[in-house]
Each structure stands twice: as C-alpha cells, then as structure tokens.
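Undergrad: The structure file input_29.cif (mmCIF, C-alpha atoms) is provided below.
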```
data_entry
#
loop_
_atom_site.label_atom_id
_atom_site.label_comp_id
_atom_site.auth_asym_id
_atom_site.auth_seq_id
_atom_site.Cartn_x
_atom_site.Cartn_y
_atom_site.Cartn_z
CA ASP P 1 7.08 7.16 -12.32
CA GLY P 2 10.47 7.59 -10.63
CA LEU P 3 12.11 4.78 -12.59
CA GLU P 4 15.23 6.93 -12.85
CA HIS P 5 15.72 6.32 -9.10
CA LEU P 6 16.36 2.60 -9.61
CA PRO P 7 20.11 1.88 -9.35
CA ARG P 8 21.21 0.54 -12.74
CA ASP P 9 23.37 -2.19 -11.20
CA GLY P 10 20.25 -3.85 -9.76
CA ARG P 11 21.64 -3.73 -6.24
CA PHE P 12 18.80 -2.30 -4.17
CA LEU P 13 16.03 -3.17 -1.74
CA LEU P 14 12.51 -2.14 -2.79
CA VAL P 15 10.26 -1.38 0.18
CA GLY P 16 6.56 -1.18 -0.60
CA ASN P 17 3.10 -0.89 0.94
CA HIS P 18 0.73 -3.86 0.95
CA THR P 19 -2.85 -3.38 -0.28
CA GLN P 20 -6.00 -5.50 -0.07
CA SER P 21 -5.73 -6.51 -3.73
CA GLY P 22 -2.11 -7.70 -3.62
CA THR P 23 -1.54 -5.94 -6.97
CA GLU P 24 1.73 -4.43 -5.80
CA ALA P 25 3.38 -7.84 -5.36
CA PHE P 26 3.16 -8.41 -9.13
CA LEU P 27 3.11 -4.89 -10.57
CA ILE P 28 6.31 -3.65 -8.90
CA PRO P 29 8.50 -6.59 -10.09
CA TYR P 30 6.95 -6.36 -13.55
CA VAL P 31 7.71 -2.65 -13.94
CA VAL P 32 11.26 -3.02 -12.60
CA ARG P 33 12.02 -5.96 -14.88
CA ARG P 34 10.64 -4.07 -17.86
CA GLU P 35 12.94 -1.15 -17.00
CA LEU P 36 16.13 -3.00 -16.03
CA GLY P 37 15.68 -6.47 -17.47
CA THR P 38 16.37 -7.91 -14.02
CA LEU P 39 14.27 -10.36 -12.01
CA VAL P 40 13.16 -8.90 -8.67
CA ARG P 41 13.15 -11.31 -5.70
CA PRO P 42 10.09 -10.71 -3.47
CA LEU P 43 10.35 -11.89 0.14
CA THR P 44 7.15 -13.69 1.11
CA ASP P 45 5.53 -15.00 4.28
CA ARG P 46 7.31 -17.86 6.05
CA ALA P 47 4.32 -20.08 5.21
CA PHE P 48 5.27 -19.78 1.52
CA SER P 49 6.61 -23.35 1.40
CA ARG P 50 3.34 -24.71 2.79
CA MET P 51 1.05 -22.92 0.34
CA PRO P 52 -1.06 -24.96 -2.14
CA ALA P 53 0.73 -25.75 -5.39
CA PRO P 54 -0.87 -23.24 -7.80
CA ALA P 55 -0.26 -20.24 -5.53
CA ALA P 56 3.22 -21.37 -4.50
CA ASP P 57 4.19 -22.12 -8.11
CA LEU P 58 3.02 -18.67 -9.23
CA LEU P 59 5.04 -16.92 -6.53
CA ALA P 60 8.10 -19.07 -7.24
CA ALA P 61 7.84 -18.26 -10.96
CA CYS P 62 7.92 -14.57 -9.99
CA GLY P 63 11.19 -15.14 -8.11
CA ALA P 64 9.73 -15.17 -4.60
CA THR P 65 11.51 -16.74 -1.66
CA VAL P 66 10.85 -17.09 2.07
CA GLY P 67 11.06 -13.76 3.88
CA ALA P 68 13.73 -14.65 6.43
CA PRO P 69 16.90 -12.72 7.37
CA GLU P 70 19.13 -15.48 5.99
CA SER P 71 17.29 -15.35 2.63
CA ALA P 72 17.73 -11.58 2.38
CA ARG P 73 21.42 -11.78 3.30
CA GLU P 74 22.07 -14.46 0.68
CA LEU P 75 20.33 -12.42 -2.03
CA MET P 76 22.30 -9.33 -1.03
CA ARG P 77 25.57 -11.24 -1.21
CA HIS P 78 24.67 -11.91 -4.86
CA ASP P 79 23.63 -8.27 -5.54
CA GLN P 80 20.02 -9.20 -6.35
CA PRO P 81 17.17 -6.65 -6.39
CA ILE P 82 14.82 -7.52 -3.53
CA LEU P 83 11.24 -6.54 -2.74
CA VAL P 84 9.90 -6.49 0.81
CA PHE P 85 6.68 -5.33 2.47
CA PRO P 86 7.54 -4.62 6.14
CA GLY P 87 3.85 -4.61 7.11
CA GLY P 88 3.52 -8.22 6.03
CA GLY P 89 0.14 -9.93 6.03
CA ARG P 90 -1.26 -7.68 8.75
CA GLU P 91 -1.06 -4.73 6.34
CA ILE P 92 -3.25 -6.47 3.76
CA GLY P 93 -6.45 -6.54 5.82
CA LYS P 94 -7.49 -2.87 5.86
CA PHE P 95 -10.49 -2.01 8.00
CA LYS P 96 -12.63 1.00 7.15
CA GLY P 97 -10.54 4.16 7.43
CA GLU P 98 -7.19 2.35 7.19
CA GLU P 99 -6.87 2.47 3.41
CA ASN P 100 -3.47 3.52 2.01
CA THR P 101 -1.75 3.49 5.40
CA LEU P 102 1.30 1.61 6.71
CA ASN P 103 1.42 -0.80 9.65
CA TRP P 104 5.10 -1.28 10.47
CA ARG P 105 5.02 -1.53 14.26
CA GLY P 106 8.04 -3.52 15.40
CA ARG P 107 9.25 -4.13 11.84
CA ALA P 108 12.80 -2.80 11.43
CA GLY P 109 14.50 -5.98 10.23
CA PHE P 110 14.71 -4.81 6.63
CA ALA P 111 16.56 -1.66 7.70
CA ARG P 112 19.00 -3.61 9.87
CA ILE P 113 19.94 -6.02 7.07
CA ALA P 114 20.19 -3.21 4.49
CA ALA P 115 22.60 -1.38 6.80
CA GLU P 116 24.67 -4.54 7.28
CA HIS P 117 25.22 -4.82 3.52
CA ASP P 118 25.11 -1.09 2.59
CA TYR P 119 22.15 -1.93 0.37
CA PRO P 120 20.32 1.14 -1.01
CA ILE P 121 16.60 1.26 -0.13
CA VAL P 122 14.11 2.40 -2.78
CA PRO P 123 10.60 3.13 -1.43
CA ALA P 124 7.88 2.02 -3.90
CA GLY P 125 4.37 3.31 -3.22
CA LEU P 126 1.18 2.11 -4.89
CA ILE P 127 -2.29 3.64 -4.72
CA GLY P 128 -5.41 1.93 -6.05
CA GLY P 129 -5.04 -1.54 -4.55
CA ASP P 130 -7.03 -0.68 -1.43
CA ASP P 131 -10.02 0.35 -3.56
CA VAL P 132 -10.44 -2.93 -5.46
CA TYR P 133 -12.23 -4.16 -2.33
CA ARG P 134 -13.68 -1.83 0.28
CA SER P 135 -14.14 -2.67 3.94
CA PHE P 136 -17.43 -1.88 5.61
CA THR P 137 -16.30 -2.92 9.11
CA THR P 138 -14.08 -1.06 11.58
CA ARG P 139 -11.25 -2.54 13.65
CA ASP P 140 -12.84 -1.58 16.96
CA GLY P 141 -16.31 -2.76 15.90
CA ALA P 142 -17.94 -6.08 16.79
CA TRP P 143 -16.58 -7.90 13.73
CA GLY P 144 -13.10 -6.44 14.14
CA ARG P 145 -12.89 -7.58 17.75
CA PHE P 146 -14.21 -11.05 16.87
CA SER P 147 -11.78 -11.41 13.97
CA ALA P 148 -8.83 -10.35 16.15
CA SER P 149 -9.86 -12.86 18.83
CA LEU P 150 -10.21 -15.64 16.25
CA SER P 151 -6.85 -14.82 14.67
CA ASN P 152 -5.20 -14.85 18.08
CA ARG P 153 -6.77 -18.21 18.95
CA LEU P 154 -5.87 -19.90 15.64
CA ALA P 155 -2.49 -18.35 14.89
CA GLY P 156 -1.48 -16.40 17.97
CA LYS P 157 -1.56 -13.19 15.93
CA PRO P 158 -4.34 -10.76 16.96
CA ASP P 159 -2.99 -8.15 14.52
CA MET P 160 -3.93 -10.41 11.59
CA ALA P 161 -7.66 -9.66 11.92
CA MET P 162 -9.46 -9.49 8.57
CA PRO P 163 -12.31 -7.08 7.72
CA LEU P 164 -15.49 -7.80 5.82
CA VAL P 165 -15.13 -6.36 2.33
CA ARG P 166 -17.10 -5.95 -0.85
CA GLY P 167 -16.25 -5.32 -4.50
CA ILE P 168 -18.74 -4.08 -7.07
CA GLY P 169 -21.98 -3.40 -5.21
CA PRO P 170 -22.54 -6.04 -2.51
CA THR P 171 -20.56 -8.70 -4.42
CA MET P 172 -16.97 -9.94 -4.27
CA VAL P 173 -16.40 -9.08 -7.94
CA PRO P 174 -13.23 -6.92 -7.95
CA ARG P 175 -13.79 -3.22 -8.51
CA PRO P 176 -11.67 -2.08 -11.51
CA GLN P 177 -9.15 0.51 -10.40
CA ARG P 178 -6.41 2.48 -12.08
CA MET P 179 -3.08 1.90 -10.29
CA TYR P 180 -0.59 4.66 -9.47
CA LEU P 181 3.00 3.58 -8.78
CA ARG P 182 5.95 5.77 -7.85
CA PHE P 183 9.56 4.99 -6.92
CA ALA P 184 11.21 7.44 -4.51
CA GLU P 185 14.86 8.46 -4.31
CA PRO P 186 17.16 5.79 -2.83
CA ILE P 187 17.92 5.94 0.88
CA ASP P 188 21.54 5.31 1.91
CA PRO P 189 21.51 2.93 4.90
CA THR P 190 25.26 3.16 5.61
CA ARG P 191 25.69 3.29 9.39
CA PRO P 192 27.76 6.20 10.72
CA ALA P 193 30.65 5.40 13.02
CA GLY P 194 29.73 5.39 16.69
CA VAL P 195 26.00 4.72 16.16
CA ALA P 196 24.59 1.48 17.58
CA ALA P 197 23.15 -0.99 15.06
CA ASP P 198 19.68 -1.10 16.62
CA GLU P 199 19.47 2.67 16.91
CA TRP P 200 20.51 3.10 13.29
CA ALA P 201 18.02 0.45 12.11
CA ASP P 202 15.21 2.42 13.77
CA THR P 203 16.47 5.61 12.11
CA VAL P 204 16.59 4.03 8.64
CA LYS P 205 13.16 2.47 9.15
CA ALA P 206 11.67 5.82 10.15
CA ARG P 207 13.31 7.56 7.20
CA THR P 208 11.97 4.91 4.80
CA GLN P 209 8.49 5.09 6.28
CA ARG P 210 8.38 8.88 5.99
CA SER P 211 9.50 8.67 2.36
CA LEU P 212 6.89 6.03 1.48
CA GLU P 213 4.10 7.92 3.26
CA ALA P 214 5.06 11.03 1.30
CA VAL P 215 4.84 9.04 -1.95
CA LEU P 216 1.39 7.74 -1.03
CA ALA P 217 0.21 11.27 -0.25
CA GLN P 218 1.55 12.51 -3.59
CA LEU P 219 -0.18 9.70 -5.48
CA LEU P 220 -3.48 10.36 -3.72
CA GLU P 221 -3.22 13.98 -4.82
CA ILE P 222 -2.46 12.92 -8.40
CA ARG P 223 -5.37 10.50 -8.41
CA GLY P 224 -7.70 13.16 -7.06
CA THR P 225 -7.07 15.34 -10.12
CA ASP P 226 -6.76 12.54 -12.70
CA PRO P 227 -9.48 13.03 -15.35
CA TYR P 228 -8.92 9.45 -16.56
CA ARG P 229 -9.43 7.73 -13.21
CA HIS P 230 -12.94 6.52 -14.02
CA LEU P 231 -12.41 6.16 -17.74
CA ASN P 232 -14.11 3.30 -19.56
CA PRO P 233 -11.66 0.34 -19.46
CA LEU P 234 -11.81 0.10 -23.27
CA ALA P 235 -10.13 3.52 -23.48
CA TRP P 236 -7.50 3.05 -20.76
CA ARG P 237 -4.70 2.49 -23.26
CA ASP P 238 -5.22 6.09 -24.45
CA ALA P 239 -4.70 7.41 -20.90
CA ILE P 240 -1.12 6.43 -20.07
CA GLN P 241 -0.58 9.52 -17.92
CA PRO P 242 -3.00 12.05 -16.40
#
```
I'd like the structure from this file rewritten - as structure tokens, please.
TA:
Amino acid sequence: DGLEHLPRDGRFLLVGNHTQSGTEAFLIPYVVRRELGTLVRPLTDRAFSRMPAPAADLLAACGATVGAPESARELMRHDQPILVFPGGGREIGKFKGEENTLNWRGRAGFARIAAEHDYPIVPAGLIGGDDVYRSFTTRDGAWGRFSASLSNRLAGKPDMAMPLVRGIGPTMVPRPQRMYLRFAEPIDPTRPAGVAADEWADTVKARTQRSLEAVLAQLLEIRGTDPYRHLNPLAWRDAIQP
C-alpha cells in the first residue's frame, strides 16, 4: 500500500531494503509501473556489466543500470524514477538475527545526489523476502568469521560475508512467503541555506532510514496478525488484503 505517495510526474528516488530473496528488486518496479505506467530504473552493483549474459540481460530488460553517481545524475536530469538499495550486496546476506534490518553504514551517497537535484525520496519497505531462506549461522560464529575472512581475501570486502541458509526443511528449495510492500510519504531533500552539503546528506540519510525502519516495523505488525499469511497457495488470489 501507499501507492498514493508516489509522485505522479515520475520524478522520485525509491529507497528500499534488500532481502535474501532479492524479490524487492523485481516487485517494487513492477508495482510502480503497474500504478504509473513508468519504467523504474534500478541502480545495480558496479559488476553489473561483467555479469553472465542471462542475469545481465534480465536486469537490463528491467531497466537496470550501473549504480554510480554519474548514472544517477543522468537519470535525474531526465526526470526518471530510480530505485536504489543503499545497503547494497552486504545487506543481502542476513545472518541469524539480522532479518528485516538495514545495513547502511557509510552509505549516504543517495541522499547527497537527491539533494543536489531536489529529487523527492520515497522509502519502499518489503517484508517476507528474508524468510524465503533462513540463516542458521551467526555473524560472530565460526562460519561468519571464516566467510568474512574469505570475502576480505578475495574481494577486499569483509562486510560481504555470506551466511549458510536453508529453504524448506534442510533443502535450498525456496520457502513460499507472502510479501508485504509499503511506500512511505516522500521526503523532501532540499538543502536549507547555510547547511553544509555533507551535513545535510547525513541528515537526509538518517531521516530516510528512520522512515524505512518504521515501515518495516509496521509491516511486521501487519504480518503478525494476517490470517492469510500461511494460506494454501491455491487460495492466495482470494486473500488480496488481510
């Protein structure tokens, strides 16, 4: 819900939370396009251009482009709706106890560019993606430390450690989950006179993070009382809303 918060002119920056399933990267653009008839441009990892053909082609077909400042600025100059996940890849690997949380340490670039172009920010929170696979390892456990060390050695990124996960039972078969998506009220990133750019970027980032965390908390509460959450998949079409 919250589709009424999407600016009708399509000029806005969607800021979402990454989950282990990656569902949000496809569901958010789909819902926005269905509402506004406009293609959303997701900003992806810089390794996008080096991805194998099927994956790269799928992302390109969805309007994705490399997540670099110059890409975002060019899209904003053309008033395109943009989707970004400030946590990046490190927010996908959720260790036990980290489900439905944000990991935005040192990530304020989206707020800085939005302020430069007076681009409204619309937080978009999704719950359900972190339950498709469930981690059974902790970040400070033996596997978490080994994974962080390996990630640091191979890519120089210790924060890209990946947990051991399971789907249905002990398998990697995805666990069917009902998804809950909400768009929050737009955040005006216009910088007041006399406020330094870096200081304002941190302020906008913090405001966006608080808004998105509030959305996630609201959706968890809705899911907790949803009588259709575990409904047989054959009857899901009869359970549009709780």
Undergrad: Would you kindly translate the PyMOL selection byres ((chain P and resi 80) around 8) into the concrete residues it picks from this file, as a ChimeraX atom specification?
TA: /P:10-12,40-41,75-79,81-82
Undergrad: List as a VMD selection string the residues having at least one atom at most 12 Å from position (5.2, -17.4, -10.6) as given in the file, counting only C-alpha atoms.
TA: chain P and resid 25 to 26 29 to 30 39 to 42 53 to 65
Undergrad: Evaluate the PyMOL selection byres ((chain P and resi 164) around 7) on the structure here and hand back the selected residues as a PyMOL selection string.
TA: chain P and resi 135-137+162-163+165
Undergrad: Tell me, counting only C-alpha atoms, for each residue of segment 110-167 of chain P within 12 Å of segment 220-231 of chain P, which pair of atoms is nearest and how far apart they are in Å to one decimal, in rows ordered by chain and increasing number, as a Markdown table.
TA:
```
| residue | atom | partner | partner_atom | distance |
| --- | --- | --- | --- | --- |
| P:Gly125 | CA | P:Leu220 | CA | 10.6 |
| P:Leu126 | CA | P:Leu220 | CA | 9.5 |
| P:Ile127 | CA | P:Leu220 | CA | 6.9 |
| P:Gly128 | CA | P:Arg223 | CA | 8.9 |
| P:Asp130 | CA | P:Leu220 | CA | 11.8 |
| P:Asp131 | CA | P:Leu220 | CA | 12.0 |
```
Undergrad: Excluding Pro186 of chain P and its own-chain neighbours fewer than 2 positions away, which residues fall within 8 Å of it when counting all atoms listed in the file? Please give them as a list in words.
TA: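 Once the nearby chain positions are removed, what remains is His5, Leu6, Pro120, Ile121, Val122, Pro123, Ala184 and Asp188 of chain P.
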Undergrad: Name the residues that the PyMOL selection byres ((chain P and resi 208) around 9) picks from the file above, as a tab-separated table (two decimals) with C-alpha atoms, in the coordinates of the input, using the file's chain letters and numbers.
TA:
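Heads up, here's the output in result_28.tsv:
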```tsv
chain	number	residue	atom	x	y	z
P	15	VAL	CA	10.26	-1.38	0.18
P	111	ALA	CA	16.56	-1.66	7.70
P	121	ILE	CA	16.60	1.26	-0.13
P	122	VAL	CA	14.11	2.40	-2.78
P	123	PRO	CA	10.60	3.13	-1.43
P	187	ILE	CA	17.92	5.94	0.88
P	203	THR	CA	16.47	5.61	12.11
P	204	VAL	CA	16.59	4.03	8.64
P	205	LYS	CA	13.16	2.47	9.15
P	206	ALA	CA	11.67	5.82	10.15
P	207	ARG	CA	13.31	7.56	7.20
P	209	GLN	CA	8.49	5.09	6.28
P	210	ARG	CA	8.38	8.88	5.99
P	211	SER	CA	9.50	8.67	2.36
P	212	LEU	CA	6.89	6.03	1.48
P	213	GLU	CA	4.10	7.92	3.26
```
Undergrad: Quick one: residues within 12 Å of Arg134 of chain P, only C-alpha atoms counted, chain neighbours fewer than 6 positions away excluded, as a list of chain:residue names?
TA: P:Thr19, P:Gln20, P:Ser21, P:Ile92, P:Gly93, P:Lys94, P:Phe95, P:Lys96, P:Gly97, P:Glu98, P:Glu99, P:Asn100, P:Gly128, P:Pro163, P:Leu164, P:Val165, P:Arg166, P:Gly167, P:Ile168, P:Gly169, P:Pro170, P:Thr171, P:Met172, P:Val173, P:Pro174, P:Arg175, P:Pro176, P:Gln177
Undergrad: Which distance in Å separates atom CA of Gly109 of chain P and atom CA of Arg73 of chain P, to one decimal?
TA: 11.4 Å
Undergrad: To one decimal place in Å, what is the distance between atom CA of Ala148 of chain P and atom CA of Glu91 of chain P?
TA: 13.7 Å
Undergrad: Could you check the closest approach to Val195 of chain P for each of P:Gly106, P:Ala115, P:Ala124, P:His18 and tell me which residue wins, using only C-alpha atoms?
TA: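 Closest candidate: P:Ala115.
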Undergrad: Have a look at atom CA of Leu36 of chain P and atom CA of Val84 of chain P and let me know their distance in Å, one decimal.
TA: 18.3 Å
Undergrad: So, counting all atoms listed in the file, which residue among P:Gly141, P:Gln218, P:Tyr119, P:Arg105 is closest to Asp202 of chain P?
TA: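 Distance minimum relative to Asp202 of chain P lands on P:Arg105.
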